[in-house]
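Below: one structure, written as structure tokens.
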Amino acid sequence: MSDKPYSLKNTESGAEFELQRRTGTVGPSVLDISSLYGKQGVFTYDLGFGSTAGCSSAITYIDGEQGVLMYRGYPIEQLAEQSTFIEVAFLLLYGELPTESELNAFDESIRTHTMLHESFLRFFNGFHHDAHPMAMVSGVVACMSAFYHDTTDIQDSADRDVFSHRIMAKIPTIAAAAYKHSLGQPFVYPKNELDYCSNLLNMFFSVPAQSGSYEVDPVSAEALNLLFVLHADHEQNCSTSTVRLAGSSGTNPYSAISAGISALWGPAHGGANEAVINMLEEIGNAKNINKYIARAKDKNDSFRLMGFGHRVYKNHDPRATIIRQMCHRVLEKLDQGEDTPLFELALELEQIALKDSYFIEKNLYPNVDFYSGIIYQALGIPKAMFTVMFAIARTVGWAAQWREMVRDPESRIGRPRQLYIGRAQRDYQPIADR
């Protein structure tokens, strides 16, 4: 929606001009600068796009100052307590919580799309055994367009639905296949009678050679469900913006999702929970905490406390409080309460840091990554798979953001500009004269 114009003055020419102010439902308004270059001959400069709205969206809202996260207007605390990942996925994709019949139909559709084409499964045999799982998942998702090219018309609503259900259903199967390939174990096919998270755990940990069938621990499945709800979407972060930017070219949606997976792989984004575990292992013992906190304060030291602070949240990450409680439940259920040095170390580090004036002044509170890696590790998921788990959860958010983008009449191909600081024009010199 539009608001009254925002008046500016060119200090060089003295000319006054106006930028249209646009106001959303909640949160700060924005200035529409699309005409700025045409009228004033200048670009804006915003490294990392921290103050730039690249799109309008009705999916996710974050208030970093107050520690608020909402999906389609529903607070994350309510969804985490009362909803399931499947229900949240429907909410993100379609804008409203489903009726019972809608939820059952959606759940059934996801279950029936879990299988991978056998030729598709053989792709994994082309990867080396020690290939990083994120490399495999990104590559295989990109190849999905070669198998499902008949339903990639981005302007067709039915094709968009098929894509959304298919990618959400198959990404756990792809992730599990990548994990099994890294172990040299046979692939485990999905079981459609299992719920989304139980099916994933079964594909990860079921081994055909072992006597008896693998029993999915309900608390483990519940923990995964919670993690997936908390990670399902997070506004216009690096990977989501990558999906939108790639998708703005009109490419098939599988390629756009693959681009998002690659962006998520970065240690500053989806790899943060793995970095937390590495940090805790480096600290090693609670008696070393003060030494490492002192190193974190030292600007000349490369050591950083991972899992504290957030690019957007200037208060507590609302997801961290929720996930901390689940972390206790998982460890208690799995009878690891007597031997959980990393978790005990994390708790003590949290308490010391929260009382330290340095962290208080800089609002460096624990974020969701601080605890999620510990839960994954307690469930038996290796560090190399942490970011893959993040990708499974975030896939539905990427799909929802992509769907919104392609239906937006204002959407156009992304084309950021730059401040050129290279050499001015010069003449070519023959090689003998250089």
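Labels for the structure tokens follow display order: chains A, B, ..., residues from 1 in each chain, ligands from 1.
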Nearby residues (only C-alpha atoms) at most 12 Å from range 323-335 of chain A, same-chain spacing under 6 positions excluded, as JSON, numbers by chain: {"A": [76, 77, 80, 81, 217, 218, 219, 220, 221, 222, 223, 224, 225, 226, 227, 228, 229, 230, 231, 317, 341, 342, 343, 344, 346, 347, 350, 366, 367, 368, 369, 370, 371, 372, 373, 374, 375, 376, 377, 378, 379, 380]}
Shell of 7 Å around range 294-311 of chain A, only C-alpha atoms, local chain residues under 3 positions omitted, as a PyMOL selection string: chain A and resi 272+275-276+279+290-291+314+363-367+369-370
Please produce a file of the residues just selected, as a PDB file, in the first residue's frame, where the atoms kept are N, CA, C and O atoms.
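Result went into again-v2.pdb, see below:
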ATOM      1  N   ALA A 272      25.949 -22.576  10.436  1.00  0.00           N
ATOM      2  CA  ALA A 272      26.248 -22.000  11.744  1.00  0.00           C
ATOM      3  C   ALA A 272      26.117 -23.010  12.876  1.00  0.00           C
ATOM      4  O   ALA A 272      26.893 -22.973  13.841  1.00  0.00           O
ATOM      5  N   ALA A 275      29.137 -25.005  13.068  1.00  0.00           N
ATOM      6  CA  ALA A 275      30.215 -24.194  13.624  1.00  0.00           C
ATOM      7  C   ALA A 275      30.125 -24.106  15.145  1.00  0.00           C
ATOM      8  O   ALA A 275      31.140 -24.008  15.833  1.00  0.00           O
ATOM      9  N   VAL A 276      28.897 -24.139  15.686  1.00  0.00           N
ATOM     10  CA  VAL A 276      28.728 -24.124  17.144  1.00  0.00           C
ATOM     11  C   VAL A 276      29.341 -25.370  17.765  1.00  0.00           C
ATOM     12  O   VAL A 276      30.056 -25.297  18.779  1.00  0.00           O
ATOM     13  N   MET A 279      33.022 -25.152  17.713  1.00  0.00           N
ATOM     14  CA  MET A 279      33.485 -24.208  18.736  1.00  0.00           C
ATOM     15  C   MET A 279      33.494 -24.864  20.111  1.00  0.00           C
ATOM     16  O   MET A 279      34.471 -24.749  20.869  1.00  0.00           O
ATOM     17  N   ASN A 290      36.245 -18.806  30.137  1.00  0.00           N
ATOM     18  CA  ASN A 290      36.676 -17.412  30.321  1.00  0.00           C
ATOM     19  C   ASN A 290      37.800 -17.042  29.356  1.00  0.00           C
ATOM     20  O   ASN A 290      37.835 -15.920  28.837  1.00  0.00           O
ATOM     21  N   LYS A 291      38.701 -17.982  29.113  1.00  0.00           N
ATOM     22  CA  LYS A 291      39.788 -17.715  28.181  1.00  0.00           C
ATOM     23  C   LYS A 291      39.248 -17.470  26.772  1.00  0.00           C
ATOM     24  O   LYS A 291      39.693 -16.539  26.075  1.00  0.00           O
ATOM     25  N   LYS A 314      17.883  -8.180  17.357  1.00  0.00           N
ATOM     26  CA  LYS A 314      18.663  -7.368  18.275  1.00  0.00           C
ATOM     27  C   LYS A 314      18.258  -7.664  19.716  1.00  0.00           C
ATOM     28  O   LYS A 314      18.744  -7.033  20.649  1.00  0.00           O
ATOM     29  N   ASN A 363      24.049  -6.945  22.748  1.00  0.00           N
ATOM     30  CA  ASN A 363      22.860  -7.773  22.504  1.00  0.00           C
ATOM     31  C   ASN A 363      23.207  -9.101  21.834  1.00  0.00           C
ATOM     32  O   ASN A 363      22.534  -9.545  20.903  1.00  0.00           O
ATOM     33  N   LEU A 364      24.268  -9.731  22.319  1.00  0.00           N
ATOM     34  CA  LEU A 364      24.681 -11.017  21.768  1.00  0.00           C
ATOM     35  C   LEU A 364      24.017 -12.147  22.549  1.00  0.00           C
ATOM     36  O   LEU A 364      24.600 -12.740  23.451  1.00  0.00           O
ATOM     37  N   TYR A 365      22.777 -12.422  22.180  1.00  0.00           N
ATOM     38  CA  TYR A 365      22.011 -13.479  22.836  1.00  0.00           C
ATOM     39  C   TYR A 365      22.131 -14.776  22.042  1.00  0.00           C
ATOM     40  O   TYR A 365      22.391 -14.759  20.830  1.00  0.00           O
ATOM     41  N   PRO A 366      21.918 -15.926  22.685  1.00  0.00           N
ATOM     42  CA  PRO A 366      21.958 -17.199  21.944  1.00  0.00           C
ATOM     43  C   PRO A 366      20.888 -17.225  20.858  1.00  0.00           C
ATOM     44  O   PRO A 366      19.763 -16.783  21.075  1.00  0.00           O
ATOM     45  N   ASN A 367      21.244 -17.757  19.700  1.00  0.00           N
ATOM     46  CA  ASN A 367      20.262 -17.896  18.627  1.00  0.00           C
ATOM     47  C   ASN A 367      19.917 -19.375  18.433  1.00  0.00           C
ATOM     48  O   ASN A 367      20.392 -20.244  19.165  1.00  0.00           O
ATOM     49  N   ASP A 369      20.772 -21.556  16.333  1.00  0.00           N
ATOM     50  CA  ASP A 369      21.862 -22.463  15.991  1.00  0.00           C
ATOM     51  C   ASP A 369      22.617 -22.950  17.214  1.00  0.00           C
ATOM     52  O   ASP A 369      23.298 -23.979  17.170  1.00  0.00           O
ATOM     53  N   PHE A 370      22.522 -22.189  18.301  1.00  0.00           N
ATOM     54  CA  PHE A 370      23.276 -22.541  19.501  1.00  0.00           C
ATOM     55  C   PHE A 370      22.858 -23.911  20.035  1.00  0.00           C
ATOM     56  O   PHE A 370      23.671 -24.651  20.587  1.00  0.00           O
TER      57      PHE A 370
END
For Tyr179 in chain A, the nearest of the candidates A:Glu281, A:Ser145, A:Val137, A:Leu79, counting only C-alpha atoms: A:Val137
Selection near Asp233 in chain A, 9 Å with only C-alpha atoms, sequence-local residues under 5 positions removed, as JSON, numbers by chain: {"A": [59, 60, 71, 92, 240, 393, 394, 395, 396, 397, 398, 400, 401]}
Store the residues picked out above, limited to C-alpha atoms, as a PDB file, in the first residue's frame.
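In the end it all went to result.pdb:
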ATOM      1  CA  ILE A  59       4.688 -14.810   4.177  1.00  0.00           C
ATOM      2  CA  THR A  60       7.010 -14.142   7.114  1.00  0.00           C
ATOM      3  CA  TYR A  71       4.414 -17.078   9.683  1.00  0.00           C
ATOM      4  CA  LEU A  92       3.311 -21.144   4.185  1.00  0.00           C
ATOM      5  CA  THR A 240      15.753 -17.177   0.219  1.00  0.00           C
ATOM      6  CA  ALA A 393      13.088 -27.651   6.640  1.00  0.00           C
ATOM      7  CA  ARG A 394      13.731 -24.511   4.599  1.00  0.00           C
ATOM      8  CA  THR A 395      12.692 -26.074   1.270  1.00  0.00           C
ATOM      9  CA  VAL A 396       9.012 -25.395   1.928  1.00  0.00           C
ATOM     10  CA  GLY A 397       9.792 -21.756   2.754  1.00  0.00           C
ATOM     11  CA  TRP A 398      11.775 -21.418  -0.457  1.00  0.00           C
ATOM     12  CA  ALA A 400       6.417 -20.538  -0.793  1.00  0.00           C
ATOM     13  CA  GLN A 401       8.646 -17.536  -1.522  1.00  0.00           C
TER      14      GLN A 401
END
Tell me, which residues of range 281-343 of chain A carry DSSP alpha helix (DSSP H), written as a PyMOL selection string? chain A and resi 281-283+289-297+318-333+341-343
From range 67-302 of chain A, collect each residue whose DSSP state is strand (DSSP E) and return the set as an mmCIF file with N, CA, C and O atoms, in the first residue's frame.
data_model
loop_
_atom_site.group_PDB
_atom_site.id
_atom_site.type_symbol
_atom_site.label_atom_id
_atom_site.label_comp_id
_atom_site.auth_asym_id
_atom_site.auth_seq_id
_atom_site.Cartn_x
_atom_site.Cartn_y
_atom_site.Cartn_z
ATOM 1 N N VAL A 68 10.438 -10.945 17.482
ATOM 2 C CA VAL A 68 9.174 -11.484 16.984
ATOM 3 C C VAL A 68 9.401 -12.202 15.661
ATOM 4 O O VAL A 68 10.105 -11.695 14.779
ATOM 5 N N LEU A 69 8.811 -13.380 15.522
ATOM 6 C CA LEU A 69 8.810 -14.116 14.262
ATOM 7 C C LEU A 69 7.403 -14.646 14.031
ATOM 8 O O LEU A 69 6.837 -15.312 14.908
ATOM 9 N N MET A 70 6.822 -14.341 12.880
ATOM 10 C CA MET A 70 5.477 -14.808 12.545
ATOM 11 C C MET A 70 5.461 -15.405 11.142
ATOM 12 O O MET A 70 6.093 -14.878 10.239
ATOM 13 N N TYR A 71 4.725 -16.516 10.998
ATOM 14 C CA TYR A 71 4.414 -17.078 9.683
ATOM 15 C C TYR A 71 2.966 -16.716 9.363
ATOM 16 O O TYR A 71 2.053 -17.110 10.100
ATOM 17 N N TYR A 74 0.889 -15.703 12.256
ATOM 18 C CA TYR A 74 0.836 -16.544 13.452
ATOM 19 C C TYR A 74 2.192 -16.527 14.168
ATOM 20 O O TYR A 74 3.225 -16.830 13.552
ATOM 21 N N PRO A 75 2.228 -16.187 15.470
ATOM 22 C CA PRO A 75 3.495 -16.180 16.209
ATOM 23 C C PRO A 75 4.141 -17.564 16.207
ATOM 24 O O PRO A 75 3.454 -18.584 16.341
#
Two-atom distance - CA of Ile293 in chain A, CA of Asn278 in chain A (Å):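 Between CA of Ile293 in chain A and CA of Asn278 in chain A the gap is 15.4 Å.
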Given only C-alpha atoms as the counted atoms, nearest of A:Pro98, A:Ser51, A:His316, A:His165 to Ser83 in chain A: A:Pro98
May I ask for the distance between CA of Leu345 in chain A and CA of Ala286 in chain A, given in Å to one decimal place? 5.7 Å
Within 10 Å of Thr151 in chain A using only C-alpha atoms, minus same-chain residues under 5 positions, as a ChimeraX atom specification: /A:145,156,158-163,252
When distances are computed from only C-alpha atoms, which of A:Ser357, A:Thr112, A:Ser157, A:Ser411 shows the smallest separation from Tyr196 in chain A?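 Nearest to Tyr196 in chain A: A:Thr112.
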Have a look at A:Tyr420, A:Phe127, A:Trp265, A:Tyr292 and name the one nearest to Thr387 in chain A; count only C-alpha atoms. A:Trp265
Take CA of Gly266 in chain A and CA of Ile174 in chain A and report the distance between them in Å, one decimal.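 CA of Gly266 in chain A sits 19.8 Å away from CA of Ile174 in chain A.
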